[in-house]
Each structure stands twice: as C-alpha cells, then as structure tokens.
Amino acid sequence: MPEDAAVARLRAVAAKSAEGRWEEVGVLTRAVRAGDARAFARFYDLHGFRVYKHLLVLAKGDENVAREIFQTVAIKLAKKMEIFDEERALRAWLQSVARNAFIDLCRTRKREAKLVPMDEIEVALEPGTGSPDRLREGLNRALAECAPEEREWLNAIYVDGKSVGEVAAQSGQSYKALESRLARLRLKVRKNLLTQLRHE
Amino acid sequence: MNKKFDSDREDALLDAILGGEAWLEAEVAGRRAALAEFRARQRRRKVRLWLAQAAAVLLLAAGVFGWPKLAKVAPSAPVATVAVNKPAMPASIGSKIMPAANTPAADLAVVPANGLPVKPESGAAAAPDKGPQYISEEELLAMFPKGSCTIAEVNGQKELIFFDQKVEKEGAVYKGGWN
C-alpha cells in the first residue's frame with residue numbers, strides 16, 4: 001500500500017515538526033491545554049523526572065511516598081494545565097503543584113491517624129534551599145564516601161558521556177565487570193543520598 | 001556560567017543515580033494514570049461539544065419547522081390588511097328573508113401579512129368592532145313600496161311576505177344603513 005506508506009510518512013513528518021515546536025514551553029503547554037495527548041507525553045518526558053526528584057526531597061527520601069504523590073501530581077497535570085511562556089515559571093508552578101499534593105497527602109495521613117506531625121511537614125517545606133540544591137549537596141556527600149576510582153568511573157560515564165566499554169578498557173577490566181560494579185555503585189550512592197535526606 | 005555547567009553535570013549524574021527502578025515504576029504508573037485522565041478529559045470535551053452541536057441543530061430545526069405555528073398564534077403578528085365582509089346588499093330580496101332579529105353579525109376577517117387569518121379581537125390593528133349591524137322591521141318594509149309587503153310569522157319564524165309578485169322580483173331599494 002504505497003498510499004498508506006506515504007500517509008504514514010507525512011504523519012511522521014508532521015509529528016516530528018510538532019515535536020520540534022514543543023521545545024518551546026509556550027507552544028508545548030498550549031498544546032497540552034488544548035488536549036493533545038502526544039504533547040502531554042512529551043511534557044511528561046521533559047518534566048516528570050524533575051517533579052519526582054522534588055517530591056523525593058519533600059518526602060525526605062521515602063521513595064514510596066514520592067511515587068504515590070507523583071501519581072497524584074501526574075493526574076493533576078493531566079486535569080489542569082496552565083500556560084507558561086517561560087521555563088522558569090513553569091518549573092516554579094510544577095514545584096508548587098508537587099508541594100500542594102504533598103501537603104494534601106500529609107493531611108490525609110494525619111486524618112487517618114498515620115500520624116505525620118505538621119511540624120515535620122513544615123520542616124520539609126521550609127523555604128530557602130530548593131530541592132535541586134539539596135539533592136546536589138546530598139550527592140556530593142554521598143560521592144565523598146566512595147573510593148576515588150569509583151568517582152572517576154561515575155564521572156566518566158554519566159557526566160563526560162564516555163561509553164562503558166571505553167572506561168572498562170582504560171581501567172583494565174571487562175565490560176561486564178564494570179557494568180555490575182556500576183550498578184552496585186549507583187545503588188550505594190542512592191541509598192546514601194536517600195538516607196541523608198531522611199536525616200536532614 | 002560555570003555554576004550552571006557544574007550543576008548540569010551534577011544533574012546528569014544525579015539523574016543516573018536516582019533514575020533507578022523506583023523512578024521507572026513511578027514513571028510508568030504516573031504516565032498510565034495521567035494518560036487515562038487525559039483521555040477521559042478529551043472524551044468529556046467531545047461529549048460536551050457533541051451535545052452543544054445537537055442542541056444547536058435542535059434549536060435550528062425548531063426554528064424552521066415551528067415558526068409558522070408560532071406565527072399563527074403570535075399576538076404581535078403584523079396586520080397587513082383588514083377585510084370587512086359587510087352583509088351583502090341584496091340586489092333583490094326574495095320572497096322570504098330573515099328578519100332583523102335573526103340576521104347574522106357582519107363577518108370580520110383580519111388577514112395578517114403571511115395570509116393566515118387572525119381573530120379580529122386578537123389583532124392589535126384590527127378594525128374597531130362596531131358589533132352586529134341590524135335593520136329593524138320598519139326599515140326593511142321601508143325598502144319596498146308601501147303596502148307591497150308585510151312581515152308575518154310562519155311556523156314560528158318571521159318572514160317577509162309580498163303581495164305583489166312584480167315588486168318581489170324587482171327587489172328592494174337600498175338607501176344606506178347596511179353597515
């Protein structure tokens with residue numbers, strides 16, 4: 001069916017050009033607001049993880065709570081999207097949506113007598129340092145507890161963008177060995193980071 | 001600038017550290033829930049749109065098909081002409097004529113612009129109703145040569161009886177006063 005193929009190709013081109021336009025915050029938020037499901041998926045890809053990280057800080061490193069609130073926030077975003085022309089304003093709004101969802105959850109839990117004292121919530125929501133700063137500080141402290149070579153591997157692969165094979169060759173170990181070491185290393189740093197958040 | 005660069009580098013590492021299974025689970029569950037809500041919102045929007053269109057079509061249909069009926073009873077229908085059917089002046093009055101008491105009222109017909117008849121009392125611009133126009137027995141008799149006819153009661157009904165067949169054929173002479 002050459003016609004079908006042509007139509008599919010045209011659709012793909014149209015979708016790609018639409019996605020290109022969605023790089024602009026104003027266009028993307030307007031498309032989501034207008035009910036474009038693909039625009040929403042793109043919005044979710046771009047901003048979902050940032051919201052999750054913010055929730056992780058609010059929930060003091062409790063991944064279950066962060067996951068629960070994240071779902072609520074995702075539904076809220078699907079229900080009501082505001083239009084923004086600046087990325088900064090959008091980020092601030094997303095943080096406030098996440099924060100409100102977190103407060104709602106805390107209040108619900110308080111009502112259900114799974115007591116979370118309000119003063120704890122206030123500590124979690126105290127103004128000043130934002131969630132990215134807290135996470136970065138926590139990461140730096142967690143990395144400080146790693147061996148220097150482990151820090152080098154992490155930096156080379158995740159920051160400098162080198163491949164695992166390349167780093168494995170440089171450090172004189174097999175690809176598989178480095179891959180499994182990296183997995184364990186990531187887990188260790190994450191645990192350390194979440195523990196720090198919990199005890200802040 | 002350097003600070004931004006450093007924070008971007010740190011963010012890349014942070015994403016790698018935190019983007020584990022917990023995030024993947026949250027991502028999948030959140031996406032599923034959000035897209036379900038998003039599609040439900042789209043459905044609601046479509047239903048609202050469909051209902052609005054249906055209502056518009058119904059209103060249009062009611063306007064097209066219901067307007068003539070509404071116009072028929074509309075009190076403010078414009079009155080184009082007022083036709084008053086006066087009792088026809090008899091060119092010749094037969095040997096039998098209904099007396100004044102039984103003469104029907106003048107027929108008044110108000111015709112609006114669309115050609116449909118409207119009751120005279122409902123028309124704002126209808127001609128003033130003067131009531132039924134009658135002539136008395138004396139006036140009726142005066143229309144004929146004196147002594148050529150009289151009014152008599154036959155079978156309980158008053159009738160005009162002519163003594164002279166010629167006068168009956170010639171008919172009455174109208175001198176006004178019929179409306």
# chains A, B, ... in the order shown; residues from 1 in each chain; ligands from 1

call {"tool": "closest_atom_pairs", "arguments": {"of": "chain B", "to": "chain A", "cutoff": "6 Å", "atoms": "only C-alpha atoms", "output": "tab-separated table"}}
result
residue	atom	partner	partner_atom	distance
B:Arg9	CA	A:Val159	CA	5.4
B:Ala12	CA	A:Val159	CA	5.9
B:Leu13	CA	A:Tyr158	CA	5.3
B:Ile17	CA	A:Arg186	CA	5.3
B:Ala26	CA	A:Arg67	CA	5.0
B:Gly30	CA	A:Gln71	CA	4.3
B:Ala34	CA	A:Ile75	CA	4.5
B:Phe38	CA	A:Ala78	CA	5.1

call {"tool": "residues_around", "arguments": {"residues": "Ser96 of chain A", "least_positions_apart": "5", "cutoff": "12 Å", "atoms": "only C-alpha atoms", "output": "count of residues only"}}
result
16

call {"tool": "atom_distance", "arguments": {"atom1": "atom CA of Gln170 of chain A", "atom2": "atom CA of Ala147 of chain A"}}
result
17.1 Å

call {"tool": "atom_distance", "arguments": {"atom1": "atom CA of Arg41 of chain B", "atom2": "atom CA of Arg33 of chain A"}}
result
10.7 Å

call {"tool": "atom_distance", "arguments": {"atom1": "atom CA of Cys146 of chain A", "atom2": "atom CA of Trp23 of chain B"}}
result
23.0 Å

call {"tool": "residues_around", "arguments": {"residues": "Phe163 of chain B", "least_positions_apart": "3", "cutoff": "12 Å", "atoms": "only C-alpha atoms", "output": "MDAnalysis selection string"}}
result
chainID B and resid 95 144:152 160 166:169

call {"tool": "write_last_selection", "arguments": {"atoms": "C-alpha atoms", "output": "compact mmCIF listing (two decimals), in the first residue's frame"}}
result
# COMPACT_ATOMS: atom_id res chain seq x y z
CA SER B 95 -90.00 36.38 -1.02
CA PHE B 144 -90.20 48.34 -0.64
CA PRO B 145 -93.15 50.29 -1.99
CA LYS B 146 -95.62 50.96 0.74
CA GLY B 147 -98.24 48.22 1.12
CA SER B 148 -96.44 45.84 -1.25
CA CYS B 149 -95.33 43.52 1.55
CA THR B 150 -95.66 42.76 5.23
CA ILE B 151 -93.94 40.69 7.92
CA ALA B 152 -95.81 37.65 9.09
CA LEU B 160 -91.36 38.87 4.58
CA LYS B 166 -93.64 42.17 -9.55
CA VAL B 167 -92.27 44.07 -6.56
CA GLU B 168 -90.80 40.85 -5.21
CA LYS B 169 -88.94 40.32 -8.50

call {"tool": "select_by_dssp", "arguments": {"residues": "segment 66-169 of chain A", "states": "alpha helix (DSSP H)", "output": "ChimeraX atom specification"}}
result
/A:66-79,87-111,118-124,131-144,148-154,164-169

call {"tool": "closest_residue", "arguments": {"among": "A:Val65, A:Leu182, A:Lys60, A:Tyr175", "to": "Leu105 of chain A", "atoms": "only C-alpha atoms"}}
result
A:Val65
